[in-house]
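Reviewing the structure listed below.
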Amino acid sequence: MEARLWNDVFVAAQQYLGVPVGTIRATVLLETITAAFEMEEILYELRQHSLGLNCGRWDYLFSYIKKFKLHYITPDRTFLTMTTPLMDAYVKRLIYICHKRGTFAMGGMSAAIPVKNDPAKNGAAMKNVEKDKIREVAAGHDGTWVAHPALVKVARDVFDKYMTTPNQIDSAKGLVGASVTQGDLLQLPTNIPANKAVTSQGLQKGVAIVLAYTEAWLRGVGCIPLNNAMEDAATAEISRAQIWQWRVNGVSTQDDGQLITAERISDIVDHEVNRQSQGGKGRWLLAGRLVDQMLNGEKLDDFLTSVCYPFIETPFVSDASKL
């Protein structure tokens, strides 16, 4: 129904401007797990205006965790890569459906970004992006997008080398997606090393990511470099939803057997706030309070940004006065 609504908007806009229907073209960012079951329906509703579908990988993972938060316990996000069964199935199905309907299948965004003042780490990051784009073009994608302008050349060089035609709509690469089942779209990894799926280190890192992003967002910054990767709302949401899911479902960290409780999460948040707020700059105290509420709430908040909006839309008040 959302695709139909957008189609109506496009038609109305074109009629108002007096241009032919079909002048507006749009690529749909497919970033929810439920949309993966309606790819053909989406393309049909937008058939006069569609330029294809785009893999919105990070929002898609967040959507998966959010939708099945009480059913499928996800491992640490480091194990939720594009080769994870559910993500591999998502890519194959999207390419198959798009090419079947004669339109483009766009790849997604690697979170790796350039690393300043460290040639070795920067070289490794560029290699990771290159590897990601080679996987995409080999799967049958017709194009891609990146997290940083400096990565455009890396991505373009890969597609220019491995895609010698304007697109891959007529290639046979996407045909493997015809066999993807609904169950495949939900399949979590099963080959994780023992005692590695949920760890104390992963928990601490996840809390730190949610806190750092929330603090930046409260200052009006929408994405931040962290651990040599680009963290935006979608990637931070993965960590937020995972930690909430682990706590609610009574998961323990496997390296030490300790239960993930509200008290444990609060202790980690407090420690990280104290560490980051030295010097009095930033909005760490407020971010800590909001993150603690989100991670330990009875219900999983729909979006991190919705919780933060009231504090960014009002005149700035010092953190101390809000506590």
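Ordered as shown in the structure tokens, chains take letters A, B, and onward, while each chain numbers its residues from 1 and ligands are numbered from 1 in the order shown.
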Could you build a table of the residues in region 210-262 of chain A lying no more than 7 Å from region 289-304 of chain A, giving for each the nearest pair of atoms and their separation in Å rounded to one decimal place, using only C-alpha atoms, ordered by chain and ascending residue number, as JSON lines?
```
{"residue": "A:Leu211", "atom": "CA", "partner": "A:Val291", "partner_atom": "CA", "distance": 6.3}
{"residue": "A:Glu237", "atom": "CA", "partner": "A:Leu304", "partner_atom": "CA", "distance": 6.8}
{"residue": "A:Arg240", "atom": "CA", "partner": "A:Leu295", "partner_atom": "CA", "distance": 6.5}
{"residue": "A:Ile243", "atom": "CA", "partner": "A:Leu295", "partner_atom": "CA", "distance": 6.5}
{"residue": "A:Trp244", "atom": "CA", "partner": "A:Leu295", "partner_atom": "CA", "distance": 5.0}
{"residue": "A:Ala262", "atom": "CA", "partner": "A:Asn296", "partner_atom": "CA", "distance": 5.5}
```
I need the residues from that last selection saved to file as a JSON list (two decimals), in the first residue's frame (with N, CA and C atoms), if you can.
```json
[["chain", "number", "residue", "atom", "x", "y", "z"],
["A", 211, "LEU", "N", 25.49, 4.48, 22.51],
["A", 211, "LEU", "CA", 25.70, 5.71, 23.27],
["A", 211, "LEU", "C", 26.39, 6.77, 22.43],
["A", 237, "GLU", "N", 20.95, 1.24, 15.41],
["A", 237, "GLU", "CA", 19.69, 0.56, 15.75],
["A", 237, "GLU", "C", 19.89, -0.95, 15.86],
["A", 240, "ARG", "N", 21.24, -1.46, 19.31],
["A", 240, "ARG", "CA", 20.20, -1.16, 20.30],
["A", 240, "ARG", "C", 19.17, -2.29, 20.38],
["A", 243, "ILE", "N", 20.72, -5.62, 21.95],
["A", 243, "ILE", "CA", 20.93, -5.60, 23.39],
["A", 243, "ILE", "C", 19.59, -5.71, 24.12],
["A", 244, "TRP", "N", 18.59, -4.99, 23.64],
["A", 244, "TRP", "CA", 17.25, -5.11, 24.23],
["A", 244, "TRP", "C", 16.75, -6.54, 24.11],
["A", 262, "ALA", "N", 19.26, -5.74, 33.30],
["A", 262, "ALA", "CA", 19.15, -4.28, 33.25],
["A", 262, "ALA", "C", 20.27, -3.63, 34.06]]
```
query: Residues at most 8 Å from region 182-199 of chain A, counting only C-alpha atoms, excluding those fewer than 6 positions away in the same chain, as a list in words?
result: Ala36, Phe37, Thr74, Pro75, Asp76, Phe79, Leu80, Thr84, Pro85, Leu86, Met87, Ala89, Tyr90, Ser252, Thr253, Gln254, Asp255 and Asp256 of chain A
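In terms of minimum interatomic distance to Val21 (chain A), A:Leu46 ranks closest within A:Leu46, A:Ala112, A:Met39, A:Cys98, counting only C-alpha atoms.
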- request: Would you please extract all helix (DSSP H, G or I) residues from region 243-286 of chain A, as assigned by DSSP on the backbone, and give them as a PyMOL selection string?
  value: chain A and resi 243-248+262-276+284-286
- prompt: Counting only C-alpha atoms, what is within 8 Å of Gly288 (chain A), bar same-chain residues fewer than 6 positions away, as a PyMOL selection string?
  reply: chain A and resi 211+269-270+273
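The interatomic distance for the pair CA of Ala147 (chain A) and CA of Ala124 (chain A) works out to 15.8 Å.
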If we count only C-alpha atoms, what is near Trp145 (chain A) at a cut-off of 8 Å, once residues fewer than 5 positions away on the same chain are taken out, given as a JSON list (two decimals) with C-alpha atoms, in the first residue's frame?
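Saved result, result08.json, follows:
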```json
[["chain", "number", "residue", "atom", "x", "y", "z"],
["A", 106, "MET", "CA", 21.18, -2.01, -6.78],
["A", 107, "GLY", "CA", 23.70, -3.12, -4.18],
["A", 108, "GLY", "CA", 24.13, -1.74, -0.68],
["A", 109, "MET", "CA", 26.57, 0.25, 1.40],
["A", 152, "VAL", "CA", 33.29, 5.99, -5.37],
["A", 155, "ALA", "CA", 33.29, 0.78, -6.35]]
```
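Compared by their closest atoms to Asp232 (chain A), and using only C-alpha atoms, the residues A:Phe311, A:Tyr64, A:Trp58, A:Trp284 rank with A:Trp58 nearest.
With only C-alpha atoms as the atoms that count, the residue of A:Ser171, A:Gln14, A:Ser63, A:Thr235 with the shortest distance to Thr32 (chain A) is A:Ser63.
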Residues of region 16-104 of chain A within 9 Å of region 138-144 of chain A: nearest atom pair and distance (Å, one decimal) for each, counting only C-alpha atoms, sorted by chain and number, as CSV?
```
residue,atom,partner,partner_atom,distance
A:Asn54,CA,A:Thr144,CA,8.2
A:Cys55,CA,A:Thr144,CA,8.8
A:Val91,CA,A:Ala139,CA,7.9
A:Lys92,CA,A:Ala139,CA,7.1
A:Ile95,CA,A:His141,CA,6.5
A:Tyr96,CA,A:Gly140,CA,8.7
A:Phe104,CA,A:Asp142,CA,6.0
```
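Of the residues listed (A:Gly250, A:Phe10, A:Leu61, A:Ala3), A:Phe10 shows the shortest atom-to-atom separation from Gly22 (chain A); distances use only C-alpha atoms.
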